[in-house]
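Novice: Sharing upload_18.txt (compact mmCIF, C-alpha atoms and all ligand atoms) below.
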```
# COMPACT_ATOMS: atom_id res chain seq x y z
CA MET L 1 -14.84 118.87 -27.93
CA VAL L 2 -13.73 116.04 -25.66
CA ASN L 3 -11.73 113.25 -27.26
CA LEU L 4 -13.19 109.99 -25.92
CA GLU L 5 -10.76 107.66 -27.72
CA VAL L 6 -8.79 105.14 -25.69
CA SER L 7 -6.31 102.44 -26.58
CA LEU L 8 -5.99 99.02 -24.93
CA ALA L 9 -2.78 97.14 -25.76
CA GLY L 10 -2.72 98.73 -29.20
CA VAL L 11 -6.45 98.25 -29.89
CA SER L 12 -8.13 101.63 -30.46
CA LEU L 13 -11.66 102.15 -29.16
CA LYS L 14 -13.77 105.20 -30.01
CA ASN L 15 -14.67 105.49 -26.32
CA PRO L 16 -13.98 103.54 -23.10
CA VAL L 17 -17.52 102.13 -22.70
CA ILE L 18 -17.85 98.35 -23.11
CA PRO L 19 -20.87 96.22 -22.18
CA ALA L 20 -19.58 93.40 -19.94
CA SER L 21 -19.69 89.72 -20.78
CA GLY L 22 -22.90 87.92 -19.88
CA THR L 23 -25.04 91.04 -19.84
CA PHE L 24 -25.11 91.70 -23.58
CA GLY L 25 -25.31 88.23 -25.16
CA TYR L 26 -23.74 88.37 -28.63
CA GLY L 27 -25.22 91.80 -29.25
CA ARG L 28 -28.32 90.61 -31.17
CA GLU L 29 -31.04 91.77 -28.76
CA PHE L 30 -29.38 95.10 -27.93
CA SER L 31 -28.88 95.87 -31.62
CA GLU L 32 -32.66 96.06 -31.87
CA VAL L 33 -32.68 98.70 -29.14
CA TYR L 34 -29.87 101.00 -30.35
CA ASP L 35 -27.06 101.16 -32.90
CA LEU L 36 -24.17 99.27 -31.28
CA ASN L 37 -21.65 101.32 -33.28
CA ILE L 38 -21.73 104.01 -30.61
CA LEU L 39 -19.90 101.59 -28.24
CA GLY L 40 -16.15 101.39 -27.72
CA SER L 41 -16.46 97.62 -27.96
CA PHE L 42 -18.53 94.85 -26.37
CA SER L 43 -17.52 91.70 -24.58
CA PHE L 44 -19.61 88.76 -25.70
CA LYS L 45 -21.06 86.00 -23.53
CA GLY L 46 -18.49 83.68 -21.98
CA THR L 47 -18.08 80.92 -24.56
CA THR L 48 -17.05 77.34 -23.83
CA ALA L 49 -16.05 74.47 -26.13
CA GLU L 50 -19.37 72.62 -25.73
CA PRO L 51 -22.82 74.19 -25.53
CA ARG L 52 -23.95 74.77 -21.92
CA PHE L 53 -27.52 75.06 -20.72
CA GLY L 54 -26.43 76.68 -17.48
CA ASN L 55 -27.76 76.17 -13.97
CA PRO L 56 -31.37 75.34 -13.00
CA GLN L 57 -33.84 78.13 -12.15
CA PRO L 58 -34.11 80.28 -10.12
CA ARG L 59 -30.73 81.64 -11.11
CA VAL L 60 -31.06 85.37 -10.55
CA ALA L 61 -32.11 87.27 -7.45
CA GLU L 62 -32.40 90.94 -6.55
CA THR L 63 -30.24 92.36 -3.77
CA PRO L 64 -29.98 95.84 -2.26
CA CYS L 65 -28.29 97.91 -4.99
CA GLY L 66 -27.43 94.90 -7.09
CA MET L 67 -28.22 91.37 -8.15
CA LEU L 68 -27.06 87.81 -7.73
CA ASN L 69 -26.69 85.53 -10.72
CA ALA L 70 -25.89 81.87 -11.10
CA VAL L 71 -26.49 81.59 -14.83
CA GLY L 72 -23.68 79.05 -15.10
CA LEU L 73 -22.11 80.14 -18.39
CA GLN L 74 -25.09 79.28 -20.58
CA ASN L 75 -23.86 79.54 -24.18
CA PRO L 76 -24.27 77.72 -27.50
CA GLY L 77 -20.65 76.49 -27.66
CA ILE L 78 -17.73 77.76 -29.70
CA ASP L 79 -18.64 76.10 -33.02
CA SER L 80 -22.09 77.64 -33.04
CA VAL L 81 -20.67 81.03 -31.99
CA VAL L 82 -18.17 80.96 -34.86
CA ALA L 83 -20.78 79.79 -37.40
CA GLN L 84 -23.83 81.81 -36.30
CA GLU L 85 -22.90 84.67 -33.99
CA LEU L 86 -19.67 86.03 -35.49
CA PRO L 87 -21.22 86.65 -38.95
CA ASN L 88 -24.12 88.41 -37.26
CA ILE L 89 -21.81 90.48 -35.04
CA ALA L 90 -19.99 91.64 -38.20
CA LYS L 91 -23.32 93.01 -39.46
CA ILE L 92 -24.38 94.84 -36.29
CA PHE L 93 -21.05 96.15 -34.97
CA HIS L 94 -18.04 97.36 -36.94
CA GLY L 95 -15.47 97.94 -34.20
CA PRO L 96 -13.16 95.53 -32.40
CA VAL L 97 -15.00 92.93 -30.31
CA ILE L 98 -13.87 91.43 -27.02
CA ALA L 99 -14.15 87.64 -27.16
CA ASN L 100 -14.80 86.30 -23.65
CA ILE L 101 -13.77 82.66 -23.31
CA GLY L 102 -14.29 80.15 -20.52
CA GLY L 103 -13.02 76.64 -19.88
CA SER L 104 -12.61 73.87 -17.31
CA THR L 105 -9.09 72.96 -18.44
CA ALA L 106 -6.23 74.97 -19.93
CA GLU L 107 -6.71 72.92 -23.13
CA GLU L 108 -10.31 74.08 -23.43
CA TYR L 109 -9.26 77.74 -23.22
CA VAL L 110 -6.65 77.06 -25.90
CA GLU L 111 -9.20 75.38 -28.17
CA ASN L 112 -11.63 78.29 -27.80
CA CYS L 113 -8.94 80.86 -28.40
CA ARG L 114 -7.73 79.05 -31.55
CA ALA L 115 -11.27 78.96 -32.93
CA LEU L 116 -11.61 82.74 -32.53
CA ASP L 117 -8.09 83.73 -33.49
CA SER L 118 -8.68 83.79 -37.25
CA CYS L 119 -11.65 86.14 -36.92
CA GLU L 120 -10.24 89.57 -37.66
CA GLN L 121 -12.98 91.41 -35.79
CA MET L 122 -11.94 89.86 -32.47
CA GLY L 123 -9.78 92.69 -31.11
CA ILE L 124 -9.07 91.25 -27.67
CA ILE L 125 -9.32 87.78 -26.17
CA GLU L 126 -10.75 88.08 -22.65
CA VAL L 127 -9.94 85.01 -20.61
CA ASN L 128 -12.45 84.48 -17.82
CA ILE L 129 -10.52 82.60 -15.15
CA SER L 130 -13.44 82.46 -12.75
CA CYS L 131 -14.38 79.06 -14.19
CA PRO L 132 -13.86 75.96 -12.05
CA ASN L 133 -10.64 74.10 -12.85
CA VAL L 134 -11.66 70.44 -13.09
CA HIS L 135 -8.06 69.37 -12.58
CA CYS L 136 -7.91 71.22 -9.25
CA GLY L 137 -11.08 69.80 -7.72
CA GLY L 138 -13.30 72.57 -9.07
CA ARG L 139 -11.35 75.52 -7.64
CA ASN L 140 -11.34 78.57 -9.87
CA PHE L 141 -8.30 79.16 -12.05
CA GLY L 142 -8.56 82.73 -10.84
CA SER L 143 -8.12 81.90 -7.16
CA ASP L 144 -4.64 80.42 -7.55
CA PRO L 145 -1.68 82.34 -9.03
CA LYS L 146 -0.16 79.18 -10.56
CA SER L 147 -3.37 78.15 -12.36
CA ALA L 148 -3.98 81.73 -13.49
CA ALA L 149 -0.46 81.87 -14.94
CA GLN L 150 -0.83 78.46 -16.58
CA VAL L 151 -4.01 79.47 -18.47
CA THR L 152 -2.52 82.84 -19.42
CA ALA L 153 0.62 81.27 -20.89
CA ALA L 154 -1.35 78.54 -22.70
CA VAL L 155 -3.66 81.07 -24.39
CA LYS L 156 -0.82 83.48 -25.20
CA ALA L 157 1.00 80.64 -27.00
CA VAL L 158 -1.76 80.25 -29.59
CA THR L 159 -2.75 83.82 -30.45
CA LYS L 160 -1.18 87.07 -31.60
CA LYS L 161 -4.20 89.00 -30.36
CA PRO L 162 -3.93 90.87 -27.06
CA VAL L 163 -4.92 88.58 -24.19
CA PHE L 164 -6.72 90.22 -21.25
CA VAL L 165 -7.21 87.99 -18.23
CA LYS L 166 -10.45 88.62 -16.32
CA LEU L 167 -9.76 88.33 -12.62
CA SER L 168 -11.97 87.04 -9.84
CA PRO L 169 -12.47 89.27 -6.78
CA ASN L 170 -12.96 86.18 -4.59
CA VAL L 171 -9.33 86.15 -3.45
CA THR L 172 -7.39 87.60 -0.54
CA ASP L 173 -4.86 89.46 -2.68
CA ILE L 174 -5.93 90.25 -6.24
CA ALA L 175 -2.57 91.95 -6.93
CA GLU L 176 -0.80 88.60 -6.46
CA ILE L 177 -2.97 87.00 -9.18
CA ALA L 178 -2.48 90.06 -11.41
CA ARG L 179 1.31 89.76 -11.07
CA ALA L 180 1.17 86.03 -11.91
CA CYS L 181 -0.81 86.79 -15.11
CA ALA L 182 1.56 89.65 -16.02
CA ASP L 183 4.60 87.39 -15.55
CA ALA L 184 2.93 84.74 -17.74
CA GLY L 185 2.62 87.24 -20.59
CA ALA L 186 -0.88 88.78 -20.27
CA ASP L 187 -1.30 91.91 -22.39
CA GLY L 188 -3.89 93.35 -20.03
CA LEU L 189 -6.30 92.58 -17.21
CA CYS L 190 -10.03 92.96 -16.72
CA LEU L 191 -11.45 93.20 -13.22
CA ILE L 192 -13.66 92.37 -11.46
CA ASN L 193 -15.95 89.43 -12.07
CA THR L 194 -18.80 88.87 -9.57
CA LEU L 195 -18.40 88.47 -5.82
CA LEU L 196 -19.64 85.20 -4.31
CA GLY L 197 -22.86 85.68 -2.38
CA MET L 198 -26.18 84.10 -1.48
CA ARG L 199 -29.69 84.77 -0.19
CA ILE L 200 -32.19 82.67 1.76
CA ASP L 201 -35.87 82.62 0.84
CA LEU L 202 -37.79 83.32 4.05
CA LYS L 203 -40.87 81.49 2.73
CA THR L 204 -39.04 78.20 2.17
CA LYS L 205 -36.12 78.85 4.55
CA ARG L 206 -33.90 77.50 1.75
CA PRO L 207 -31.32 79.22 -0.49
CA LEU L 208 -33.09 81.41 -3.04
CA LEU L 209 -30.91 80.34 -5.95
CA ALA L 210 -31.14 76.73 -7.10
CA ASN L 211 -27.33 76.80 -7.24
CA ARG L 212 -27.35 78.01 -3.58
CA THR L 213 -24.68 80.63 -4.24
CA GLY L 214 -24.31 83.19 -7.02
CA GLY L 215 -22.24 86.16 -8.11
CA LEU L 216 -23.04 89.61 -6.76
CA SER L 217 -22.82 92.56 -9.15
CA GLY L 218 -24.30 96.02 -9.63
CA PRO L 219 -23.74 99.33 -7.79
CA ALA L 220 -23.22 97.53 -4.43
CA VAL L 221 -19.85 96.20 -5.65
CA PHE L 222 -18.54 99.46 -7.15
CA PRO L 223 -16.28 100.50 -4.22
CA VAL L 224 -14.84 96.96 -4.03
CA ALA L 225 -14.11 96.90 -7.77
CA LEU L 226 -12.61 100.38 -7.64
CA ARG L 227 -10.29 99.43 -4.78
CA MET L 228 -9.17 96.32 -6.68
CA VAL L 229 -8.47 98.32 -9.86
CA TRP L 230 -6.45 100.70 -7.68
CA ASP L 231 -4.43 97.81 -6.17
CA VAL L 232 -3.78 96.15 -9.53
CA TYR L 233 -2.73 99.46 -11.15
CA GLU L 234 -0.14 99.83 -8.39
CA ALA L 235 1.05 96.22 -8.81
CA VAL L 236 1.47 95.76 -12.57
CA ASP L 237 2.26 97.85 -15.61
CA LEU L 238 -0.55 96.55 -17.85
CA PRO L 239 -3.68 98.14 -19.30
CA ILE L 240 -6.72 97.49 -17.12
CA ILE L 241 -10.38 97.21 -18.06
CA GLY L 242 -12.25 98.24 -14.90
CA CYS L 243 -15.56 96.53 -14.23
CA GLY L 244 -17.99 96.20 -11.34
CA GLY L 245 -20.98 98.31 -10.37
CA VAL L 246 -20.48 101.04 -12.95
CA SER L 247 -23.77 102.71 -13.80
CA SER L 248 -23.00 106.32 -14.72
CA ALA L 249 -20.51 108.45 -16.66
CA GLU L 250 -19.20 109.68 -13.30
CA ASP L 251 -18.49 106.05 -12.28
CA VAL L 252 -16.61 105.51 -15.57
CA CYS L 253 -14.38 108.50 -14.82
CA GLU L 254 -13.84 107.37 -11.23
CA MET L 255 -12.83 103.90 -12.46
CA MET L 256 -10.39 105.49 -14.93
CA LEU L 257 -8.87 107.71 -12.22
CA ALA L 258 -8.29 104.50 -10.19
CA GLY L 259 -6.32 103.07 -13.13
CA ALA L 260 -8.68 101.71 -15.78
CA GLY L 261 -7.95 102.40 -19.45
CA ALA L 262 -11.51 101.39 -20.37
CA VAL L 263 -14.59 100.32 -18.44
CA GLU L 264 -17.03 97.44 -18.73
CA ILE L 265 -20.65 97.79 -17.69
CA GLY L 266 -22.64 94.73 -16.68
CA ALA L 267 -25.74 94.66 -14.48
CA ALA L 268 -26.68 98.24 -15.46
CA ASN L 269 -27.59 96.93 -18.96
CA LEU L 270 -30.09 94.54 -17.41
CA LYS L 271 -31.75 97.31 -15.42
CA ASN L 272 -31.81 99.78 -18.30
CA PRO L 273 -31.02 98.55 -21.83
CA PHE L 274 -29.98 102.11 -22.75
CA ALA L 275 -27.45 102.35 -19.86
CA CYS L 276 -24.32 102.30 -22.06
CA LYS L 277 -25.85 104.72 -24.57
CA SER L 278 -26.73 107.25 -21.86
CA ILE L 279 -23.30 106.91 -20.27
CA ILE L 280 -21.54 107.57 -23.60
CA GLU L 281 -23.76 110.61 -24.23
CA HIS L 282 -23.02 112.01 -20.78
CA LEU L 283 -19.23 111.37 -20.77
CA PRO L 284 -18.17 114.60 -22.54
CA THR L 285 -20.02 116.74 -19.98
CA VAL L 286 -18.37 114.93 -17.07
CA CYS L 287 -14.93 115.20 -18.72
CA GLU L 288 -15.44 118.93 -19.25
CA ARG L 289 -16.39 119.28 -15.60
CA LEU L 290 -13.17 117.44 -14.69
CA GLY L 291 -11.17 119.75 -16.95
CA VAL L 292 -9.89 117.11 -19.40
CA THR L 293 -10.03 117.33 -23.18
CA LYS L 294 -8.86 113.73 -23.66
CA ILE L 295 -10.56 111.09 -21.53
CA SER L 296 -7.46 108.88 -21.64
CA GLU L 297 -5.71 111.49 -19.46
CA LEU L 298 -7.86 110.30 -16.56
CA THR L 299 -6.30 106.83 -16.43
CA GLY L 300 -4.41 106.43 -13.16
CA GLY L 301 -4.90 110.12 -12.34
CA ALA L 302 -5.75 109.44 -8.71
CA HIS L 303 -2.33 107.82 -8.19
CA ARG L 304 -0.43 110.95 -9.20
CA GLU L 305 0.70 113.45 -6.54
C1 LIG V 401 -26.14 87.67 -15.68
C2 LIG V 401 -24.64 87.79 -15.70
C3 LIG V 401 -23.90 86.91 -16.48
C4 LIG V 401 -22.49 87.02 -16.51
N1 LIG V 401 -21.77 86.18 -17.33
C5 LIG V 401 -20.41 86.35 -17.43
C6 LIG V 401 -19.65 85.58 -18.36
O1 LIG V 401 -20.18 84.77 -19.13
N2 LIG V 401 -18.30 85.79 -18.40
C7 LIG V 401 -17.67 86.71 -17.60
O2 LIG V 401 -16.45 86.87 -17.69
N3 LIG V 401 -18.38 87.48 -16.74
C8 LIG V 401 -19.72 87.32 -16.65
N4 LIG V 401 -20.45 88.11 -15.79
C9 LIG V 401 -19.74 89.11 -14.96
C10 LIG V 401 -19.81 90.51 -15.60
O3 LIG V 401 -19.21 90.52 -16.87
C11 LIG V 401 -19.12 91.53 -14.68
O4 LIG V 401 -17.76 91.17 -14.53
C12 LIG V 401 -19.75 91.60 -13.30
O5 LIG V 401 -21.15 91.46 -13.38
C13 LIG V 401 -19.43 92.91 -12.57
O6 LIG V 401 -19.90 94.02 -13.31
P1 LIG V 401 -21.31 94.76 -13.00
O7 LIG V 401 -21.34 95.03 -11.53
O8 LIG V 401 -21.28 95.98 -13.85
O9 LIG V 401 -22.39 93.77 -13.39
C14 LIG V 401 -21.85 88.02 -15.73
C15 LIG V 401 -22.62 88.90 -14.96
C16 LIG V 401 -23.99 88.81 -14.94
C17 LIG V 401 -24.78 89.79 -14.10
```
Just give me the structure of the file as structure tokens.
Ligand SMILES: Cc1cc2nc3c(=O)[nH]c(=O)nc-3n(C[C@H](O)[C@H](O)[C@H](O)COP(=O)(O)O)c2cc1C
Specialist:
Amino acid sequence: MVNLEVSLAGVSLKNPVIPASGTFGYGREFSEVYDLNILGSFSFKGTTAEPRFGNPQPRVAETPCGMLNAVGLQNPGIDSVVAQELPNIAKIFHGPVIANIGGSTAEEYVENCRALDSCEQMGIIEVNISCPNVHCGGRNFGSDPKSAAQVTAAVKAVTKKPVFVKLSPNVTDIAEIARACADAGADGLCLINTLLGMRIDLKTKRPLLANRTGGLSGPAVFPVALRMVWDVYEAVDLPIIGCGGVSSAEDVCEMMLAGAGAVEIGAANLKNPFACKSIIEHLPTVCERLGVTKISELTGGAHRE
């Protein structure tokens, strides 16, 4: 018997498999496909203070071994999430949920965090700092160590729940941003979000996405994400949720060996709605092959001599 339990900043998960924000909605649709209670947790859609209708179509495109998306944080807004989605989540999933929040100002992150703080089922607050900072001319909070630290500290000040900051890979040195978040009090980090990319439509000779650029994800980004998890594990002493291109139980184990305590799975859910279920079912076999009886023993294993 392989023990699949992991712990993230004191939050126990029955296994390390977590559907990633934006690829699982608020769980409703997937709960019609399988029982969500097999999951370690799930990270719900990035939620902002006001409802957002997102970017114009087309906003997704296929790429070799991946996809581009420019959904633009479409979500019903925090009030509607608290009133409609949280009660439904409580019915379909009984474990700790990861609440993914977005914002254009530090105050908006704070407001969203406050609104979710009283909900006991929210196990972790995941702060997506890939949103444009309106006070910094639209630059992402996640591309500047000072802004990343500012949001981290602001959110930490209003919640007792563990705060995991979700880092952007669109930076020269992700370890520098990780250190800034750690110094500002983050309880953990999640990485990576999507990589900036674009495609041109040869028929129109114009960008394929209405937004021109989008975020690349899926198997194509796996080695990049893995390298970044490796770098961040070396840089800070915080639990890491590894994310980016994971599509198999083997990938989960590889991500954990690089330093992840748990693993989020994004684009794979869109390709195959049963992706997380199959990965969870296959994990014990892969762990046995690797000679571990507790999956948590894998975390950081590749760093040890
Ligand atoms: C359609 C789509 C929507 C996403 N929306 C969000 C979001 O709202 N908040 C967030 O933090 N990340 C969002 N992401 C990023 C994913 O959570 C994940 O970090 C990224 O896709 C890399 O993982 P993957 O390669 O497994 O997809 C989104 C990704 C996709 C594909």
Novice: Show me, as a VMD selection string, the residues that have an atom within 10 Å of Lys14 of chain L when counting all atoms listed in the file, minus same-chain residues fewer than 3 positions from it.
Specialist: chain L and resid 3 to 7 17 37 to 41 95 to 96
Novice: Quote the spacing between atom CA of Met255 of chain L and atom CA of Glu234 of chain L in Å to one decimal place.
Specialist: 13.9 Å
Novice: Kindly indicate which residue among L:Val163, L:Cys243, L:Ala302, L:Ile295 lies nearest to ligand LIG 401 (chain V), using all atoms listed in the file for the distances.
Specialist: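 That would be L:Cys243, the residue with the smallest distance to ligand LIG 401 (chain V).
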Novice: Determine, counting all atoms listed in the file, which protein, DNA and RNA residues have an atom within 7 Å of an atom of Glu126 of chain L; residues of the same chain fewer than 5 positions away are not included. Present the result as a VMD selection string.
Specialist: chain L and resid 98 to 101 163 to 166
Novice: Kindly indicate which residue among L:Met1, L:Val221, L:Ala83, L:Cys131 lies nearest to Thr285 of chain L, using all atoms listed in the file for the distances.
Specialist: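 Selected residue with least distance to Thr285 of chain L: L:Met1.
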Novice: Counting all atoms listed in the file, which protein, DNA or RNA residues come within 7 Å of ligand LIG 401 (chain V), given as a ChimeraX atom specification?
Specialist: /L:20-23,45-47,69,71,73,100,128,166,191-194,217-219,221-222,243-246,264-268
Novice: Identify which of the residues L:Pro16, L:Gly102, L:Pro132, L:Gly66 lies closest to Lys271 of chain L, counting all atoms listed in the file when measuring atom-to-atom distances.
Specialist: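 Comparing L:Pro16, L:Gly102, L:Pro132, L:Gly66 against Lys271 of chain L, the winner is L:Gly66.
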